[in-house]
>>> print(open('entry.tsv').read())   # TSV, C-alpha atoms
chain	number	residue	atom	x	y	z
M	1	MET	CA	95.22	101.84	102.21
M	2	LEU	CA	91.62	102.13	103.32
M	3	ARG	CA	90.49	100.82	99.96
M	4	LYS	CA	92.96	97.93	100.15
M	5	ALA	CA	91.58	97.05	103.57
M	6	GLY	CA	88.02	97.13	102.22
M	7	ILE	CA	86.95	100.06	104.39
M	8	ALA	CA	84.46	102.38	102.67
M	9	ASN	CA	85.77	105.89	102.12
M	10	SER	CA	85.30	108.84	99.80
M	11	THR	CA	86.38	112.40	99.21
M	12	GLY	CA	84.63	115.18	101.10
M	13	LYS	CA	83.12	116.66	97.94
M	14	ASP	CA	79.45	117.61	98.21
M	15	VAL	CA	79.14	116.56	101.86
M	16	PHE	CA	77.57	119.92	102.72
M	17	SER	CA	76.54	121.21	99.30
M	18	HIS	CA	72.91	120.12	99.67
M	19	VAL	CA	72.47	122.33	102.75
M	20	VAL	CA	74.60	125.20	101.44
M	21	ASN	CA	72.91	125.50	98.04
M	22	ASP	CA	69.32	126.11	97.06
M	23	THR	CA	68.69	122.93	95.12
M	24	SER	CA	65.39	124.26	93.87
M	25	THR	CA	67.10	126.90	91.73
M	26	HIS	CA	70.38	125.32	90.55
M	27	SER	CA	72.34	122.06	90.43
M	28	ALA	CA	75.89	120.80	90.78
M	29	ALA	CA	76.52	121.66	87.13
M	30	ASP	CA	75.75	125.32	87.82
M	31	ASP	CA	78.59	127.84	88.31
M	32	ARG	CA	76.85	129.02	91.48
M	33	TRP	CA	77.08	125.58	93.11
M	34	ARG	CA	79.11	125.83	96.31
M	35	GLN	CA	80.85	123.22	98.43
M	36	GLY	CA	80.64	125.31	101.59
M	37	ILE	CA	82.85	123.20	103.86
M	38	LEU	CA	85.13	120.70	102.15
M	39	PRO	CA	86.67	117.96	104.34
M	40	ASP	CA	89.54	115.97	102.85
M	41	ALA	CA	87.88	112.58	103.23
M	42	VAL	CA	85.02	110.61	104.72
M	43	VAL	CA	85.72	107.25	106.41
M	44	ASP	CA	82.56	105.16	106.64
M	45	GLY	CA	82.64	102.67	109.50
M	46	LYS	CA	78.89	102.04	109.62
M	47	ASN	CA	79.10	98.54	108.16
M	48	LEU	CA	82.14	97.29	110.07
M	49	PRO	CA	81.32	94.29	112.29
M	50	ALA	CA	80.59	95.19	115.88
M	51	SER	CA	82.83	92.29	116.92
M	52	TYR	CA	85.91	94.25	115.84
M	53	LEU	CA	87.78	95.67	118.83
M	54	GLY	CA	90.43	98.32	119.36
M	55	ALA	CA	91.02	102.06	119.37
M	56	GLY	CA	90.20	102.28	115.67
M	57	MET	CA	86.73	100.83	116.11
M	58	ALA	CA	86.11	103.06	119.13
M	59	ARG	CA	86.80	106.06	116.93
M	60	PHE	CA	85.37	105.02	113.55
M	61	GLY	CA	82.99	102.13	114.21
M	62	GLY	CA	79.30	102.64	113.55
M	63	VAL	CA	79.62	106.13	112.05
M	64	ALA	CA	80.86	108.01	109.01
M	65	SER	CA	83.67	110.35	110.05
M	66	LEU	CA	84.85	113.59	108.46
M	67	ILE	CA	88.64	113.73	108.08
M	68	ASP	CA	90.95	116.70	107.61
M	69	PHE	CA	94.68	116.21	107.05
M	70	LYS	CA	96.98	118.77	108.65
M	71	THR	CA	100.70	119.38	109.06
M	72	VAL	CA	102.54	121.46	111.65
M	73	ALA	CA	105.74	123.18	110.55
M	74	PRO	CA	108.60	124.06	112.93
M	75	GLY	CA	108.03	127.31	114.77
M	76	THR	CA	106.24	128.94	117.63
M	77	ARG	CA	103.77	126.09	118.14
M	78	TYR	CA	106.68	124.07	119.51
M	79	GLU	CA	107.92	126.90	121.69
M	80	GLN	CA	104.82	128.43	123.23
M	81	ASN	CA	101.71	127.43	125.18
M	82	LEU	CA	102.86	123.92	126.04
M	83	PRO	CA	101.53	122.20	129.18
M	84	ALA	CA	104.13	121.98	131.92
M	85	GLY	CA	105.98	118.69	132.02
M	86	ARG	CA	104.83	117.47	128.61
M	87	SER	CA	106.91	116.77	125.54
M	88	PRO	CA	106.38	119.51	122.96
M	89	PHE	CA	106.22	116.96	120.16
M	90	GLY	CA	103.12	115.03	121.23
M	91	ALA	CA	101.43	118.09	122.72
M	92	VAL	CA	101.64	120.14	119.52
M	93	VAL	CA	100.03	117.60	117.19
M	94	GLU	CA	97.34	116.71	119.74
M	95	GLN	CA	96.44	120.39	120.11
M	96	ARG	CA	96.30	120.79	116.33
M	97	GLN	CA	94.02	117.76	116.09
M	98	SER	CA	91.70	119.29	118.67
M	99	ASP	CA	91.75	122.63	116.82
M	100	VAL	CA	90.39	120.98	113.66
M	101	ASN	CA	87.12	119.97	115.30
M	102	ARG	CA	86.70	123.40	116.90
M	103	ASP	CA	87.44	125.22	113.64
M	104	TYR	CA	84.98	123.14	111.62
M	105	HIS	CA	82.14	123.77	114.04
M	106	GLN	CA	82.94	127.47	114.30
M	107	THR	CA	82.87	127.72	110.51
M	108	ALA	CA	79.53	125.90	110.38
M	109	LYS	CA	78.08	128.28	112.97
M	110	LYS	CA	79.29	131.33	111.04
M	111	MET	CA	77.84	130.02	107.77
M	112	ASP	CA	74.51	129.25	109.44
M	113	ALA	CA	74.42	132.71	111.03
M	114	ALA	CA	75.06	134.32	107.64
M	115	ARG	CA	72.00	132.47	106.36
M	116	GLY	CA	69.75	133.71	109.12
M	117	THR	CA	70.11	131.15	111.91
M	118	PRO	CA	69.47	132.92	115.27
M	119	PRO	CA	72.21	132.95	117.95
M	120	ASP	CA	72.36	129.90	120.24
M	121	THR	CA	70.47	127.87	117.63
M	122	ILE	CA	71.87	124.98	115.63
M	123	GLY	CA	71.48	125.73	111.94
M	124	PRO	CA	71.25	123.28	109.01
M	125	ILE	CA	74.98	123.22	108.25
M	126	GLU	CA	76.04	122.45	111.82
M	127	LEU	CA	73.15	120.01	112.12
M	128	GLU	CA	74.48	118.14	109.09
M	129	MET	CA	77.99	118.18	110.58
M	130	ASN	CA	76.66	116.65	113.77
M	131	THR	CA	75.48	113.58	111.83
M	132	TYR	CA	79.12	112.60	111.28
M	133	GLY	CA	81.52	111.07	113.77
M	134	HIS	CA	80.71	110.45	117.41
M	135	ASP	CA	78.85	113.51	118.73
M	136	GLY	CA	79.67	115.39	115.53
M	137	LYS	CA	83.42	115.27	116.05
M	138	VAL	CA	85.56	116.09	113.00
M	139	LEU	CA	88.87	114.26	113.14
M	140	GLY	CA	92.10	116.03	112.26
M	141	LEU	CA	94.92	113.71	111.23
M	142	VAL	CA	98.10	115.63	111.98
M	143	LEU	CA	101.73	115.18	110.95
M	144	GLY	CA	104.18	117.19	113.04
M	145	ALA	CA	107.41	118.82	111.97
M	146	TYR	CA	109.52	116.04	113.46
M	147	GLY	CA	107.63	113.11	111.98
M	148	GLU	CA	105.26	112.68	114.91
M	149	PHE	CA	101.59	111.83	114.41
M	150	SER	CA	98.50	112.80	116.36
M	151	GLN	CA	96.44	110.12	118.11
M	152	GLY	CA	93.88	110.08	115.31
M	153	VAL	CA	96.48	108.76	112.86
M	154	TYR	CA	97.22	105.82	115.15
M	155	GLU	CA	93.50	105.16	115.53
M	156	LEU	CA	93.12	105.05	111.76
M	157	ALA	CA	96.10	102.67	111.52
M	158	ASP	CA	94.50	100.50	114.20
M	159	LEU	CA	91.25	100.37	112.23
M	160	ILE	CA	93.02	99.33	109.03
M	161	ALA	CA	95.17	96.76	110.84
M	162	THR	CA	92.10	95.31	112.57
M	163	LYS	CA	90.18	94.90	109.32
M	164	ARG	CA	93.12	93.42	107.44
M	165	ALA	CA	93.95	91.05	110.32
M	166	HIS	CA	90.41	89.65	110.37
M	167	ASP	CA	90.47	89.13	106.61
M	168	PHE	CA	93.95	87.58	106.75
M	169	CYS	CA	93.05	85.12	109.49
M	170	GLU	CA	90.14	83.76	107.48
M	171	LEU	CA	92.65	82.27	105.02
M	172	ASN	CA	95.81	81.83	107.09
M	173	ASN	CA	96.81	79.91	110.20
M	174	MET	CA	97.75	82.83	112.45
M	175	SER	CA	96.20	84.26	115.58
M	176	LEU	CA	94.28	87.51	115.27
M	177	LYS	CA	96.64	89.17	117.74
M	178	GLN	CA	99.71	88.22	115.70
M	179	ALA	CA	98.13	89.27	112.42
M	180	LYS	CA	97.03	92.65	113.77
M	181	SER	CA	100.50	93.26	115.20
M	182	MET	CA	102.03	92.45	111.82
M	183	PHE	CA	99.80	94.89	109.94
M	184	THR	CA	100.15	97.58	112.61
M	185	ARG	CA	103.96	97.48	112.46
M	186	SER	CA	103.85	97.62	108.68
M	187	LEU	CA	101.56	100.67	108.66
M	188	HIS	CA	103.58	102.54	111.28
M	189	ARG	CA	106.79	101.85	109.38
M	190	LYS	CA	105.39	102.93	106.00
M	191	TRP	CA	103.64	106.04	107.28
M	192	GLY	CA	106.70	107.07	109.29
M	193	LEU	CA	108.91	106.78	106.21
M	194	TYR	CA	106.39	108.69	104.09
M	195	ALA	CA	106.29	111.46	106.70
M	196	HIS	CA	110.06	111.90	106.96
M	197	ARG	CA	110.50	111.66	103.19
M	198	GLY	CA	107.79	114.26	102.64
M	199	TRP	CA	109.41	116.78	104.96
M	200	ALA	CA	112.85	116.05	103.48
M	201	ILE	CA	111.58	116.69	99.95
M	202	MET	CA	109.98	119.97	101.02
M	203	VAL	CA	113.12	121.18	102.84
M	204	HIS	CA	115.28	120.23	99.84
M	205	GLN	CA	113.01	122.07	97.42
M	206	ARG	CA	112.90	125.21	99.56
M	207	SER	CA	116.67	125.18	100.09
M	208	ARG	CA	117.14	125.80	96.37
M	209	HIS	CA	115.70	129.29	96.83
M	210	LEU	CA	118.12	130.22	99.63
M	211	SER	CA	121.25	130.40	97.48
>>> encode(input="entry.tsv", output="structure tokens")
Amino acid sequence: MLRKAGIANSTGKDVFSHVVNDTSTHSAADDRWRQGILPDAVVDGKNLPASYLGAGMARFGGVASLIDFKTVAPGTRYEQNLPAGRSPFGAVVEQRQSDVNRDYHQTAKKMDAARGTPPDTIGPIELEMNTYGHDGKVLGLVLGAYGEFSQGVYELADLIATKRAHDFCELNNMSLKQAKSMFTRSLHRKWGLYAHRGWAIMVHQRSRHLS
């Protein structure tokens, strides 16, 4: 859907390989070539017009962002450590989204330390990570066990809807607000159906092993 909207994106392959590997001794064709940290995708919002508005542009505009897709299965996450007075559904996926950024940076620190970076010093891997996103933030896009999404998913949908609405209005007699609403509803509907269908397929497949 990013490609259809004309938003630059790529896989996370080789994002960190140039700082993990010694490029003076071997290349990507070598068996010793390592990925190090492998995000699921990179969304590049550097060339999006600054005139675009919305939550999506606030998150993705002007930077290339590392993306990691996560799911949360039913279980203790929905039963424990929930803030008082909050719905467990939204709280769980938001916490998982926050965990992704923390885990990525902790991994980068550990890898740098293993390569000789002194404590309390930013090493080359974490330094490279900090060039992505706003203030180096890695964005987890999370699907919960009950079909709920984390905020980052809605921000990505907003970005896609914004871009498609601007393109649509160049050729059609419709207000930008109406066009964006149309694309936003479509994305939410499709992604919601994909989410519920995905969980249903998994539950059905696992149920075959219970008999």
>>> atom_distance(input="entry.tsv", atom1="CA of Ala64 (chain M)", atom2="CA of Pro49 (chain M)")
14.1 Å
>>> atom_distance(input="entry.tsv", atom1="CA of Gly56 (chain M)", atom2="CA of Leu156 (chain M)")
5.6 Å
>>> atom_distance(input="entry.tsv", atom1="CA of Ser10 (chain M)", atom2="CA of Leu127 (chain M)")
20.6 Å
>>> residues_near_point(input="entry.tsv", point="(92.9, 123.8, 119.0)", cutoff="12 Å", atoms="only C-alpha atoms", output="mmCIF file with C-alpha atoms, keeping the file's coordinate frame")
data_model
loop_
_atom_site.group_PDB
_atom_site.id
_atom_site.type_symbol
_atom_site.label_atom_id
_atom_site.label_comp_id
_atom_site.auth_asym_id
_atom_site.auth_seq_id
_atom_site.Cartn_x
_atom_site.Cartn_y
_atom_site.Cartn_z
ATOM 1 C CA ARG M 77 103.770 126.090 118.140
ATOM 2 C CA ASN M 81 101.710 127.430 125.180
ATOM 3 C CA ALA M 91 101.430 118.090 122.720
ATOM 4 C CA VAL M 92 101.640 120.140 119.520
ATOM 5 C CA VAL M 93 100.030 117.600 117.190
ATOM 6 C CA GLU M 94 97.340 116.710 119.740
ATOM 7 C CA GLN M 95 96.440 120.390 120.110
ATOM 8 C CA ARG M 96 96.300 120.790 116.330
ATOM 9 C CA GLN M 97 94.020 117.760 116.090
ATOM 10 C CA SER M 98 91.700 119.290 118.670
ATOM 11 C CA ASP M 99 91.750 122.630 116.820
ATOM 12 C CA VAL M 100 90.390 120.980 113.660
ATOM 13 C CA ASN M 101 87.120 119.970 115.300
ATOM 14 C CA ARG M 102 86.700 123.400 116.900
ATOM 15 C CA ASP M 103 87.440 125.220 113.640
ATOM 16 C CA TYR M 104 84.980 123.140 111.620
ATOM 17 C CA HIS M 105 82.140 123.770 114.040
ATOM 18 C CA GLN M 106 82.940 127.470 114.300
ATOM 19 C CA LEU M 139 88.870 114.260 113.140
ATOM 20 C CA GLY M 140 92.100 116.030 112.260
ATOM 21 C CA VAL M 142 98.100 115.630 111.980
#
>>> closest_residue(input="entry.tsv", among="M:Ala108, M:Leu210, M:Val42, M:Tyr52", to="Ala161 (chain M)", atoms="only C-alpha atoms")
M:Tyr52
>>> residues_near_point(input="entry.tsv", point="(88.4, 89.3, 107.7)", cutoff="10 Å", atoms="all atoms listed in the file", output="list in words")
Ala5, Gly6, Pro49, Tyr52, Thr162, Lys163, Arg164, Ala165, His166, Asp167, Phe168, Cys169, Glu170, Leu171 and Leu176 of chain M
>>> closest_residue(input="entry.tsv", among="M:Ala200, M:Met57, M:Ala114, M:Ile7", to="Asp44 (chain M)", atoms="all atoms listed in the file")
M:Ile7
>>> closest_residue(input="entry.tsv", among="M:Gly144, M:Gly198, M:Gly116, M:Gly152", to="Thr71 (chain M)", atoms="only C-alpha atoms")
M:Gly144
>>> build_atoms(input="entry.tsv", residues="region 186-203 of chain M", atoms="N, CA and C atoms", output="CSV table (one decimal), in the frame of the given file")
chain,number,residue,atom,x,y,z
M,186,SER,N,103.6,97.3,110.1
M,186,SER,CA,103.8,97.6,108.7
M,186,SER,C,103.3,99.0,108.4
M,187,LEU,N,102.1,99.3,108.9
M,187,LEU,CA,101.6,100.7,108.7
M,187,LEU,C,102.4,101.8,109.3
M,188,HIS,N,102.8,101.5,110.6
M,188,HIS,CA,103.6,102.5,111.3
M,188,HIS,C,104.9,102.8,110.6
M,189,ARG,N,105.5,101.7,110.1
M,189,ARG,CA,106.8,101.8,109.4
M,189,ARG,C,106.6,102.6,108.1
M,190,LYS,N,105.6,102.3,107.3
M,190,LYS,CA,105.4,102.9,106.0
M,190,LYS,C,105.0,104.4,106.2
M,191,TRP,N,104.1,104.7,107.1
M,191,TRP,CA,103.6,106.0,107.3
M,191,TRP,C,104.8,106.9,107.9
M,192,GLY,N,105.6,106.3,108.7
M,192,GLY,CA,106.7,107.1,109.3
M,192,GLY,C,107.7,107.4,108.2
M,193,LEU,N,108.0,106.5,107.3
M,193,LEU,CA,108.9,106.8,106.2
M,193,LEU,C,108.3,107.8,105.3
M,194,TYR,N,107.0,107.7,105.0
M,194,TYR,CA,106.4,108.7,104.1
M,194,TYR,C,106.5,110.1,104.7
M,195,ALA,N,106.3,110.2,106.0
M,195,ALA,CA,106.3,111.5,106.7
M,195,ALA,C,107.7,112.1,106.6
M,196,HIS,N,108.7,111.4,107.0
M,196,HIS,CA,110.1,111.9,107.0
M,196,HIS,C,110.5,112.2,105.5
M,197,ARG,N,110.1,111.4,104.6
M,197,ARG,CA,110.5,111.7,103.2
M,197,ARG,C,109.8,112.9,102.7
M,198,GLY,N,108.5,113.1,103.1
M,198,GLY,CA,107.8,114.3,102.6
M,198,GLY,C,108.4,115.5,103.1
M,199,TRP,N,108.8,115.6,104.4
M,199,TRP,CA,109.4,116.8,105.0
M,199,TRP,C,110.8,117.0,104.3
M,200,ALA,N,111.5,115.9,104.1
M,200,ALA,CA,112.8,116.0,103.5
M,200,ALA,C,112.8,116.6,102.1
M,201,ILE,N,111.8,116.2,101.3
M,201,ILE,CA,111.6,116.7,100.0
M,201,ILE,C,111.2,118.2,100.0
M,202,MET,N,110.4,118.6,100.9
M,202,MET,CA,110.0,120.0,101.0
M,202,MET,C,111.2,120.8,101.4
M,203,VAL,N,112.0,120.4,102.4
M,203,VAL,CA,113.1,121.2,102.8
M,203,VAL,C,114.1,121.3,101.7
